[in-house]
Structure formats: C-alpha cells, structure tokens
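Participant: File name upload-v1.pdb; file contents PDB, C-alpha atoms; full text below.
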ATOM      1  CA  MET J   1      97.116  66.687  77.751
ATOM      2  CA  ARG J   2      99.570  69.211  76.329
ATOM      3  CA  ILE J   3      97.951  72.651  76.277
ATOM      4  CA  SER J   4      99.100  76.206  75.638
ATOM      5  CA  ARG J   5      96.547  78.997  75.293
ATOM      6  CA  ASN J   6      98.807  81.426  73.432
ATOM      7  CA  ALA J   7      99.367  80.935  69.701
ATOM      8  CA  ARG J   8     102.830  81.873  68.534
ATOM      9  CA  HIS J   9     104.704  81.544  65.260
ATOM     10  CA  THR J  10     108.249  80.390  64.514
ATOM     11  CA  LEU J  11     110.293  78.129  62.261
ATOM     12  CA  PHE J  12     111.084  74.418  62.551
ATOM     13  CA  ALA J  13     114.206  74.411  60.386
ATOM     14  CA  PRO J  14     117.006  74.136  61.217
ATOM     15  CA  PHE J  15     116.023  74.468  64.871
ATOM     16  CA  LEU J  16     112.628  74.796  66.537
ATOM     17  CA  THR J  17     112.459  77.660  69.030
ATOM     18  CA  VAL J  18     109.714  79.715  70.567
ATOM     19  CA  VAL J  19     110.270  82.894  72.568
ATOM     20  CA  SER J  20     108.092  82.735  75.666
ATOM     21  CA  ALA J  21     108.158  82.198  79.391
ATOM     22  CA  THR J  22     109.135  78.756  80.583
ATOM     23  CA  LEU J  23     106.143  76.520  81.223
ATOM     24  CA  LEU J  24     105.716  74.431  84.321
ATOM     25  CA  LEU J  25     107.478  71.174  83.540
ATOM     26  CA  THR J  26     105.022  68.785  85.059
ATOM     27  CA  GLY J  27     102.441  66.614  83.383
ATOM     28  CA  CYS J  28     102.052  63.890  80.828
ATOM     29  CA  GLY J  29     103.100  63.289  77.263
ATOM     30  CA  SER J  30     102.831  60.711  74.543
ATOM     31  CA  GLY J  31     104.023  57.292  73.488
ATOM     32  CA  SER J  32     104.021  53.952  75.222
ATOM     33  CA  ASP J  33     106.201  51.110  76.296
ATOM     34  CA  GLY J  34     104.497  48.133  77.832
ATOM     35  CA  SER J  35     107.549  46.629  79.487
ATOM     36  CA  ALA J  36     108.181  47.329  83.141
ATOM     37  CA  GLY J  37     111.447  49.055  83.973
ATOM     38  CA  SER J  38     111.952  50.325  80.427
ATOM     39  CA  GLY J  39     110.486  52.929  78.143
ATOM     40  CA  ALA J  40     109.717  56.341  79.566
ATOM     41  CA  ALA J  41     109.797  55.110  83.138
ATOM     42  CA  GLY J  42     113.271  53.687  82.596
ATOM     43  CA  VAL J  43     114.525  56.918  81.083
ATOM     44  CA  ALA J  44     113.020  58.951  83.894
ATOM     45  CA  ALA J  45     114.540  56.782  86.568
ATOM     46  CA  GLY J  46     118.012  57.390  85.156
ATOM     47  CA  SER J  47     117.854  61.186  84.939
ATOM     48  CA  ASP J  48     115.494  64.111  85.304
ATOM     49  CA  ALA J  49     117.204  65.874  82.402
ATOM     50  CA  VAL J  50     115.280  66.267  79.164
ATOM     51  CA  PRO J  51     117.008  64.205  76.433
ATOM     52  CA  THR J  52     118.914  66.434  74.009
ATOM     53  CA  THR J  53     120.534  63.946  71.626
ATOM     54  CA  ASP J  54     120.383  65.227  68.050
ATOM     55  CA  VAL J  55     118.733  62.484  66.000
ATOM     56  CA  VAL J  56     117.414  64.487  63.051
ATOM     57  CA  SER J  57     119.889  67.076  61.731
ATOM     58  CA  GLY J  58     121.692  64.654  59.408
ATOM     59  CA  ILE J  59     118.575  63.251  57.716
ATOM     60  CA  PRO J  60     118.821  63.582  53.908
ATOM     61  CA  LYS J  61     115.975  64.538  51.602
ATOM     62  CA  ASP J  62     114.219  61.602  49.942
ATOM     63  CA  GLY J  63     113.336  62.494  46.374
ATOM     64  CA  ALA J  64     110.662  59.837  45.970
ATOM     65  CA  ALA J  65     108.783  60.962  49.091
ATOM     66  CA  ALA J  66     109.182  64.653  48.235
ATOM     67  CA  ALA J  67     107.776  64.039  44.753
ATOM     68  CA  LEU J  68     104.447  63.127  46.380
ATOM     69  CA  LEU J  69     103.982  66.645  47.734
ATOM     70  CA  PRO J  70     101.610  68.971  45.887
ATOM     71  CA  ALA J  71     103.511  71.070  43.356
ATOM     72  CA  GLY J  72     105.098  74.183  44.840
ATOM     73  CA  THR J  73     105.058  72.996  48.460
ATOM     74  CA  GLY J  74     108.067  74.542  50.194
ATOM     75  CA  ARG J  75     106.799  75.457  53.647
ATOM     76  CA  LEU J  76     103.941  74.194  55.812
ATOM     77  CA  THR J  77     102.419  75.426  59.045
ATOM     78  CA  VAL J  78     102.098  72.896  61.851
ATOM     79  CA  ALA J  79     100.090  73.402  65.045
ATOM     80  CA  VAL J  80     101.346  71.977  68.332
ATOM     81  CA  SER J  81     100.175  72.138  71.912
ATOM     82  CA  VAL J  82     102.833  72.643  74.542
ATOM     83  CA  GLY J  83     102.990  71.743  78.201
ATOM     84  CA  GLY J  84     104.110  68.982  80.489
ATOM     85  CA  THR J  85     107.137  66.763  80.488
ATOM     86  CA  PRO J  86     108.589  64.567  77.741
ATOM     87  CA  PRO J  87     107.793  62.647  75.675
ATOM     88  CA  SER J  88     105.201  65.375  74.962
ATOM     89  CA  THR J  89     106.153  68.766  73.576
ATOM     90  CA  THR J  90     107.873  70.953  76.150
ATOM     91  CA  TYR J  91     110.737  73.418  76.492
ATOM     92  CA  LEU J  92     114.397  72.939  77.153
ATOM     93  CA  ALA J  93     115.902  74.814  80.086
ATOM     94  CA  ASP J  94     116.399  77.954  77.975
ATOM     95  CA  GLY J  95     112.633  78.474  77.939
ATOM     96  CA  LYS J  96     112.722  78.926  74.156
ATOM     97  CA  THR J  97     113.587  75.683  72.409
ATOM     98  CA  LEU J  98     110.789  73.198  71.927
ATOM     99  CA  THR J  99     111.539  69.519  72.240
ATOM    100  CA  GLY J 100     109.741  66.210  72.539
ATOM    101  CA  GLN J 101     108.878  63.131  70.554
ATOM    102  CA  ASP J 102     106.369  64.893  68.296
ATOM    103  CA  VAL J 103     108.898  67.660  67.644
ATOM    104  CA  ASP J 104     111.610  65.221  66.590
ATOM    105  CA  LEU J 105     109.274  63.223  64.365
ATOM    106  CA  THR J 106     107.902  66.371  62.750
ATOM    107  CA  LYS J 107     111.358  67.791  62.109
ATOM    108  CA  ALA J 108     112.476  64.431  60.723
ATOM    109  CA  VAL J 109     109.571  64.306  58.261
ATOM    110  CA  GLY J 110     110.376  67.868  57.196
ATOM    111  CA  LYS J 111     113.954  66.806  56.481
ATOM    112  CA  VAL J 112     112.858  63.805  54.413
ATOM    113  CA  LEU J 113     110.486  65.969  52.378
ATOM    114  CA  GLY J 114     112.936  68.873  52.058
ATOM    115  CA  ILE J 115     110.490  71.488  53.357
ATOM    116  CA  GLU J 116     110.511  74.157  56.062
ATOM    117  CA  LEU J 117     107.957  73.889  58.842
ATOM    118  CA  SER J 118     106.582  76.904  60.650
ATOM    119  CA  VAL J 119     105.068  76.125  64.037
ATOM    120  CA  GLU J 120     102.168  77.770  65.814
ATOM    121  CA  GLN J 121     101.133  76.938  69.360
ATOM    122  CA  ALA J 122      97.478  76.326  70.087
ATOM    123  CA  SER J 123      95.396  74.641  72.752
ATOM    124  CA  PHE J 124      95.062  70.918  72.095
ATOM    125  CA  GLU J 125      91.292  71.065  71.657
ATOM    126  CA  ALA J 126      91.529  73.944  69.134
ATOM    127  CA  ILE J 127      93.865  72.326  66.605
ATOM    128  CA  LEU J 128      91.647  69.770  64.872
ATOM    129  CA  PRO J 129      88.725  72.175  64.261
ATOM    130  CA  ALA J 130      91.172  74.724  62.790
ATOM    131  CA  LEU J 131      92.507  72.334  60.153
ATOM    132  CA  ASP J 132      89.355  72.569  58.067
ATOM    133  CA  SER J 133      89.647  76.346  57.828
ATOM    134  CA  GLY J 134      93.191  76.106  56.517
ATOM    135  CA  LYS J 135      94.664  77.969  59.480
ATOM    136  CA  TYR J 136      97.166  75.130  59.868
ATOM    137  CA  ASP J 137      98.392  72.634  57.272
ATOM    138  CA  PHE J 138      98.604  69.870  59.864
ATOM    139  CA  GLY J 139      98.719  69.151  63.569
ATOM    140  CA  ALA J 140     101.327  67.223  65.543
ATOM    141  CA  SER J 141     100.237  66.727  69.149
ATOM    142  CA  ASN J 142      99.769  63.030  69.856
ATOM    143  CA  PHE J 143      96.371  62.872  68.157
ATOM    144  CA  GLY J 144      94.758  59.463  68.612
ATOM    145  CA  VAL J 145      93.060  58.015  65.547
ATOM    146  CA  THR J 146      89.397  57.371  66.358
ATOM    147  CA  ASP J 147      86.493  56.518  64.086
ATOM    148  CA  GLU J 148      84.756  59.712  65.193
ATOM    149  CA  ARG J 149      87.731  61.882  64.274
ATOM    150  CA  ARG J 150      88.231  60.088  60.933
ATOM    151  CA  ARG J 151      84.905  61.498  59.740
ATOM    152  CA  THR J 152      86.426  64.965  59.441
ATOM    153  CA  ILE J 153      90.199  64.473  59.761
ATOM    154  CA  ASP J 154      92.825  62.479  57.860
ATOM    155  CA  PHE J 155      95.695  60.957  59.823
ATOM    156  CA  VAL J 156      99.150  59.670  58.950
ATOM    157  CA  THR J 157     100.177  57.308  61.735
ATOM    158  CA  TYR J 158     103.619  57.374  63.335
ATOM    159  CA  ILE J 159     103.233  55.622  66.698
ATOM    160  CA  ASN J 160     100.842  53.473  68.727
ATOM    161  CA  ASP J 161      99.880  54.903  72.108
ATOM    162  CA  GLY J 162      96.585  54.892  73.950
ATOM    163  CA  GLN J 163      94.721  55.383  77.183
ATOM    164  CA  GLY J 164      95.836  54.516  80.676
ATOM    165  CA  PHE J 165      95.276  55.357  84.343
ATOM    166  CA  ALA J 166      97.306  56.595  87.308
ATOM    167  CA  VAL J 167      96.410  57.047  90.974
ATOM    168  CA  ARG J 168      97.936  58.030  94.304
ATOM    169  CA  ASP J 169      99.909  55.344  96.078
ATOM    170  CA  ASP J 170      97.194  55.053  98.727
ATOM    171  CA  SER J 171      94.485  54.182  96.195
ATOM    172  CA  LYS J 172      92.796  50.799  96.508
ATOM    173  CA  LEU J 173      92.526  50.538  92.729
ATOM    174  CA  SER J 174      95.011  48.134  91.185
ATOM    175  CA  LYS J 175      93.822  47.851  87.572
ATOM    176  CA  VAL J 176      90.991  49.400  85.597
ATOM    177  CA  THR J 177      89.495  47.037  83.036
ATOM    178  CA  ASP J 178      85.912  48.309  83.177
ATOM    179  CA  LEU J 179      84.774  51.924  83.583
ATOM    180  CA  ARG J 180      82.241  50.749  86.155
ATOM    181  CA  GLN J 181      85.202  50.511  88.504
ATOM    182  CA  LEU J 182      85.279  54.316  88.420
ATOM    183  CA  CYS J 183      81.690  54.782  89.622
ATOM    184  CA  GLY J 184      81.488  57.426  92.326
ATOM    185  CA  LEU J 185      85.055  58.630  91.731
ATOM    186  CA  ASN J 186      86.441  61.941  90.479
ATOM    187  CA  VAL J 187      88.378  61.344  87.255
ATOM    188  CA  ALA J 188      90.852  63.995  86.066
ATOM    189  CA  THR J 189      91.797  64.274  82.393
ATOM    190  CA  GLY J 190      92.732  66.718  79.633
ATOM    191  CA  ALA J 191      90.174  68.942  77.939
ATOM    192  CA  GLY J 192      89.291  68.089  74.342
ATOM    193  CA  THR J 193      90.978  64.686  74.440
ATOM    194  CA  THR J 194      89.914  61.158  73.562
ATOM    195  CA  PHE J 195      89.993  60.495  77.306
ATOM    196  CA  GLU J 196      87.328  63.098  77.985
ATOM    197  CA  ALA J 197      85.227  61.735  75.106
ATOM    198  CA  THR J 198      85.539  58.140  76.322
ATOM    199  CA  LEU J 199      84.584  59.067  79.865
ATOM    200  CA  GLU J 200      81.622  61.253  78.899
ATOM    201  CA  GLU J 201      80.245  58.732  76.402
ATOM    202  CA  ASN J 202      80.295  55.941  78.968
ATOM    203  CA  LYS J 203      79.029  57.687  82.098
ATOM    204  CA  HIS J 204      75.786  55.769  81.747
ATOM    205  CA  VAL J 205      77.466  52.460  82.672
ATOM    206  CA  CYS J 206      77.327  53.481  86.321
ATOM    207  CA  THR J 207      73.716  54.620  86.407
ATOM    208  CA  ASP J 208      72.736  51.601  84.287
ATOM    209  CA  ALA J 209      74.216  49.460  87.045
ATOM    210  CA  GLY J 210      72.391  51.425  89.738
ATOM    211  CA  LYS J 211      75.571  53.155  90.917
ATOM    212  CA  LYS J 212      76.615  56.783  91.286
ATOM    213  CA  ALA J 213      78.180  58.117  88.101
ATOM    214  CA  TYR J 214      81.822  59.130  88.143
ATOM    215  CA  SER J 215      82.625  62.830  87.768
ATOM    216  CA  VAL J 216      84.784  63.947  84.828
ATOM    217  CA  GLN J 217      87.139  66.785  85.771
ATOM    218  CA  THR J 218      88.814  68.370  82.746
ATOM    219  CA  TYR J 219      91.890  70.582  82.802
ATOM    220  CA  SER J 220      93.737  72.511  80.121
ATOM    221  CA  GLU J 221      97.051  72.366  81.986
ATOM    222  CA  PRO J 222      98.708  69.017  82.808
ATOM    223  CA  GLY J 223     100.183  70.460  85.979
ATOM    224  CA  ALA J 224      96.653  71.147  87.213
ATOM    225  CA  ILE J 225      95.696  67.507  86.618
ATOM    226  CA  TRP J 226      98.485  66.251  88.849
ATOM    227  CA  SER J 227      97.873  68.877  91.508
ATOM    228  CA  SER J 228      94.248  67.785  91.623
ATOM    229  CA  LEU J 229      95.287  64.167  92.115
ATOM    230  CA  GLN J 230      98.003  64.888  94.667
ATOM    231  CA  GLN J 231      95.732  67.168  96.700
ATOM    232  CA  GLY J 232      92.863  64.682  96.727
ATOM    233  CA  ARG J 233      90.396  66.621  94.592
ATOM    234  CA  SER J 234      90.642  63.815  92.024
ATOM    235  CA  ASP J 235      90.833  60.086  92.645
ATOM    236  CA  ILE J 236      92.357  58.964  89.359
ATOM    237  CA  VAL J 237      93.929  60.355  86.180
ATOM    238  CA  MET J 238      93.215  59.117  82.655
ATOM    239  CA  SER J 239      95.765  60.098  80.018
ATOM    240  CA  THR J 240      98.315  58.792  77.516
ATOM    241  CA  ILE J 241     100.082  55.597  78.469
ATOM    242  CA  ASN J 242     103.679  56.763  78.209
ATOM    243  CA  GLY J 243     102.834  60.233  79.438
ATOM    244  CA  LEU J 244     101.546  58.645  82.624
ATOM    245  CA  ARG J 245     104.579  56.384  82.909
ATOM    246  CA  TYR J 246     106.906  59.352  82.593
ATOM    247  CA  ALA J 247     104.922  61.566  84.946
ATOM    248  CA  VAL J 248     104.713  59.050  87.784
ATOM    249  CA  ALA J 249     108.441  58.365  87.471
ATOM    250  CA  HIS J 250     109.093  62.057  88.133
ATOM    251  CA  GLN J 251     106.945  62.572  91.213
ATOM    252  CA  SER J 252     106.417  60.724  94.456
ATOM    253  CA  GLY J 253     103.136  59.430  95.822
ATOM    254  CA  VAL J 254     101.585  58.346  92.515
ATOM    255  CA  LYS J 255     101.633  55.142  90.489
ATOM    256  CA  PHE J 256     100.749  53.966  87.001
ATOM    257  CA  LEU J 257      97.902  51.443  86.996
ATOM    258  CA  ASN J 258      97.553  49.940  83.553
ATOM    259  CA  GLU J 259      96.937  50.372  79.861
ATOM    260  CA  TYR J 260      93.231  50.588  79.107
ATOM    261  CA  HIS J 261      92.883  51.048  75.341
ATOM    262  CA  ARG J 262      95.494  51.285  72.586
ATOM    263  CA  LEU J 263      95.189  53.855  69.792
ATOM    264  CA  ASP J 264      97.237  54.663  66.724
ATOM    265  CA  VAL J 265      98.574  58.211  66.805
ATOM    266  CA  GLY J 266      99.234  60.347  63.775
ATOM    267  CA  PHE J 267      99.791  63.692  62.118
ATOM    268  CA  ALA J 268      96.383  65.293  61.567
ATOM    269  CA  PHE J 269      95.244  66.888  58.291
ATOM    270  CA  LYS J 270      92.128  68.388  56.793
ATOM    271  CA  LYS J 271      89.950  65.652  55.295
ATOM    272  CA  GLY J 272      91.109  64.860  51.787
ATOM    273  CA  SER J 273      94.470  66.592  52.177
ATOM    274  CA  LYS J 274      96.914  65.872  49.366
ATOM    275  CA  LEU J 275      99.768  66.068  51.869
ATOM    276  CA  ALA J 276      98.976  62.735  53.499
ATOM    277  CA  PRO J 277     100.658  60.405  50.942
ATOM    278  CA  ALA J 278     103.934  62.349  51.152
ATOM    279  CA  PHE J 279     103.921  62.280  54.945
ATOM    280  CA  GLN J 280     103.168  58.562  54.940
ATOM    281  CA  ALA J 281     106.105  57.945  52.600
ATOM    282  CA  ALA J 282     108.341  60.094  54.808
ATOM    283  CA  VAL J 283     107.448  58.190  57.985
ATOM    284  CA  ASN J 284     108.039  54.883  56.203
ATOM    285  CA  ARG J 285     111.412  56.199  55.007
ATOM    286  CA  LEU J 286     112.367  57.002  58.593
ATOM    287  CA  ILE J 287     111.296  53.531  59.702
ATOM    288  CA  ALA J 288     113.307  51.875  56.935
ATOM    289  CA  ASP J 289     116.561  53.794  57.493
ATOM    290  CA  GLY J 290     116.585  53.391  61.291
ATOM    291  CA  THR J 291     116.009  57.055  62.199
ATOM    292  CA  TYR J 292     112.569  56.254  63.570
ATOM    293  CA  ASP J 293     114.039  53.747  66.009
ATOM    294  CA  LYS J 294     116.647  56.292  67.152
ATOM    295  CA  ILE J 295     113.923  58.850  67.895
ATOM    296  CA  LEU J 296     111.845  56.389  69.898
ATOM    297  CA  LYS J 297     114.887  55.201  71.827
ATOM    298  CA  LYS J 298     115.699  58.804  72.704
ATOM    299  CA  TRP J 299     112.250  59.280  74.245
ATOM    300  CA  GLY J 300     111.939  55.789  75.727
ATOM    301  CA  THR J 301     108.900  54.840  73.649
ATOM    302  CA  THR J 302     110.103  51.854  71.634
ATOM    303  CA  GLY J 303     107.156  49.826  72.943
ATOM    304  CA  SER J 304     104.953  52.099  70.838
ATOM    305  CA  ALA J 305     106.779  51.509  67.556
ATOM    306  CA  ILE J 306     104.841  50.775  64.385
ATOM    307  CA  THR J 307     106.220  48.836  61.423
ATOM    308  CA  LYS J 308     104.399  50.778  58.713
ATOM    309  CA  SER J 309     102.643  54.137  58.548
ATOM    310  CA  GLN J 310      99.008  54.152  57.470
ATOM    311  CA  ILE J 311      96.564  56.806  56.325
ATOM    312  CA  SER J 312      93.480  56.984  58.554
ATOM    313  CA  PRO J 313      93.273  53.327  59.617
ATOM    314  CA  PRO J 314      90.152  52.141  61.499
ATOM    315  CA  GLU J 315      90.230  52.759  65.243
ATOM    316  CA  SER J 316      92.122  50.099  67.123
ATOM    317  CA  LYS J 317      89.894  47.797  69.170
ATOM    318  CA  GLU J 318      92.801  46.579  71.279
TER     319      GLU J 318
END
What does this structure look like when you write it as structure tokens?

Facilitator:
Amino acid sequence: MRISRNARHTLFAPFLTVVSATLLLTGCGSGSDGSAGSGAAGVAAGSDAVPTTDVVSGIPKDGAAAALLPAGTGRLTVAVSVGGTPPSTTYLADGKTLTGQDVDLTKAVGKVLGIELSVEQASFEAILPALDSGKYDFGASNFGVTDERRRTIDFVTYINDGQGFAVRDDSKLSKVTDLRQLCGLNVATGAGTTFEATLEENKHVCTDAGKKAYSVQTYSEPGAIWSSLQQGRSDIVMSTINGLRYAVAHQSGVKFLNEYHRLDVGFAFKKGSKLAPAFQAAVNRLIADGTYDKILKKWGTTGSAITKSQISPPESKE
C-alpha cells in the first residue's frame, strides 16, 4: 500500500505541502467503483494527469459539528503514508504538494470543524500502533475497518473499499473467489496491511487441502509490488480495489481480476478518542451538502460511496 519511511511535518491548511524528493508515481491507492469503464479506471483512461480540481477550499465551518470537539481543540496532527498513484496519497508534479482522496477528505473535515491539521508522514504499518502513544491524533491512509483492529482502534468511516486481485495479462487466473486458487503461487502485497493479514491467516487452506501453500511477498513500496509482478517474481497482487483498477489502467501487461472482500474504510483514532463523534458529524455534513460526492467524482470512486458515516462498525462480511 502507500508507504513512506521518512516522517515529516507540515500544515494541512490552507494547502497541504511537504518538501521532499518526488516519489515514484507507480502503485495502488484507495477507493472502489464496481462498474466497468467507470470509476478510477475510467478516469485513468481519459488522462494520466493527477486530478487537481479544488473541491474543498470553499467549505464553510459547521458549528454543530465543531461543538462536538473536545474543548480547546484548534489543531490536530494526522499521520499519512505516501506513495503510489491516485486515488491514494501522492505528490503533484512539483514534488511538494500532497494530493489524493484521503487528502481531500481530511482537508474537507478540517474545514467543517474549523481546525488546522498538521500532517506527518509515516510508514503505513507504523501509524496505527503510534495512535495509542498520542504521537498522532488520527490517521488517514485508507485504513480498513476489521474486527481485529477495532479491539484497539476507533474508526470513523468515510468510504467503502476492500480487497481485490490483479495479474499479468498472460495469467490463467480469471477470478479469485477462494484463496485455495492461490496455492503454489507467489502473492505480492503491502506490508502491514489487511491483505497481508488475510493471506497469512489463511495459508493453511492449501496445506489442509494437501496442496503447496502460496508464498506471501510483502513490500513497503507500491512500485516494488508492480515490478515484482511485471518481472515474474510474483504471480498475483492483492491490494485495494480501486487502487488496483487505477494501477492497471496506467500500465500495460496487467489486468484487474475481481473484488474479493469489501471493507469499510475510515479515519483511525486511539480507542476511546473523544474526537470520533465530531469527525462522524463532519463526514455526514459533507455527505449531506454534496461535497462528499464532488470529492469521490474527482477521484473516480463513486462506487465506494457511503450514505452515512459510522463509528467503528462491525467488519463487513460482504
């Protein structure tokens, strides 16, 4: 998934910028659209340019949502992981300005609540453990809501994404509905993700069936995942649904297979955080006034839209 090893600090309002070298713009992101020829794939087919439409600067503060914040809250620190192509968090061509679906949604919530948001970059797998220590106030990096994570983390949902697969065009696989179809294969995925957890927890299905277990290959850089697939070191990639759709639309020789498991995605907080109700109200405000729809249309992820934000809902079984 989206990984950056170097933590940096900056400000989300009025613009989100980070001074650093430009990252390799290859990889996968977040979101989902189940309709063929639309969503991220449709956006990608039209242009390789990263969308730059401003959909958040004019958002007014909502007094009712802001009143739910703990007294004295004026600035919060948010952790993000960076890398890959949209809809995930990446850089514009200037190599400084961060953009992506999570960025827009985070900035929009900040506007609704009338607060400034300072951003720090961290590796994807490091963000959730750091919330408990108070290093960050929340995380915004396409975190899937799972029952395991809900034991120690609170979530405020803002989109419905999930797990999917992609392969090279010459693969004989057409659809993965059972992990036993992966037996004997090399499966590439992001380190510290729900994909890695799902694969590791279910390795036994192959040996239980008397077959050779699949090998889980984890990478901290999305570009490395796709290089592994393209060069034949991996047979298949497991990642976010819309991230895969976008990635395959931007490179030849690979194809999206199918959605495997849907998951709600949300802002992540320390368990018991008093920030969650305010963020939930802010997301619902954005849904009600149409801003939410504008953001998803910008990133081609309208198929992932939710109708109401929830706080730590049970893991989707879809």

Participant: Given the file shown, enumerate the residues that the PyMOL selection byres ((chain J and resi 154) around 12) captures and present them as a ChimeraX atom specification.

Facilitator: /J:128,131-132,137-139,143-153,155-157,265-277,279-280,310-314

Participant: Which is closest to Val237 of chain J among J:Arg180, J:Ala166, J:Ser215, J:Ala305, if we use all atoms listed in the file?

Facilitator: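 Ranking J:Arg180, J:Ala166, J:Ser215, J:Ala305 by distance to Val237 of chain J, first place goes to J:Ala166.
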
Participant: Quick one: residues within 12 Å of (110.6, 67.0, 59.6) (file frame), counting all atoms listed in the file, please, as a ChimeraX atom specification.

Facilitator: /J:11-16,55-62,66,75-78,101-119,140,267,278-279,282-283,285-286,291-292

Participant: Could you expand the PyMOL selection byres ((chain J and resi 162) around 12) into the explicit residues it covers here, written as a VMD selection string?

Facilitator: chain J and resid 29 to 34 142 to 146 159 to 161 163 to 165 193 to 195 198 238 to 244 258 to 266 303 to 304 315 to 318

Participant: Give me the residues near Thr189 of chain J as a list in words, where near means some atom within 9 Å (using only C-alpha atoms) and where sequence neighbours in that chain fewer than 6 positions away do not count.

Facilitator: Met1, Phe195, Glu196, Val216, Gln217, Thr218, Tyr219, Ser220, Pro222, Ile225, Ile236, Val237, Met238 and Ser239 of chain J

Participant: Restricting the calculation to only C-alpha atoms, which member of J:Asp94, J:Glu125, J:Thr302, J:Gly74 is positioned closest to Gly192 of chain J?

Facilitator: J:Glu125

Participant: Please determine, counting all atoms listed in the file, which residue among J:Gly223, J:Pro70, J:Gly290, J:Pro51 has the shortest atom-to-atom distance to Gly100 of chain J.

Facilitator: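 Looking at the shortest contact to Gly100 of chain J, the residue is J:Pro51.
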
Participant: Taking only C-alpha atoms into account, name the residue in J:Leu182, J:Ala93, J:Ala191, J:Ala64 that is nearest to Phe124 of chain J.

Facilitator: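 Checking each candidate against Phe124 of chain J, we get J:Ala191 as the closest.
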
Participant: Would you kindly translate the PyMOL selection byres ((chain J and resi 308) around 8) into the concrete residues it picks from this file, as a CSV table (one decimal) with C-alpha atoms, keeping the file's coordinate frame?

Facilitator:
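Contents of expr.csv, freshly written:
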chain,number,residue,atom,x,y,z
J,284,ASN,CA,108.0,54.9,56.2
J,287,ILE,CA,111.3,53.5,59.7
J,306,ILE,CA,104.8,50.8,64.4
J,307,THR,CA,106.2,48.8,61.4
J,309,SER,CA,102.6,54.1,58.5
J,310,GLN,CA,99.0,54.2,57.5
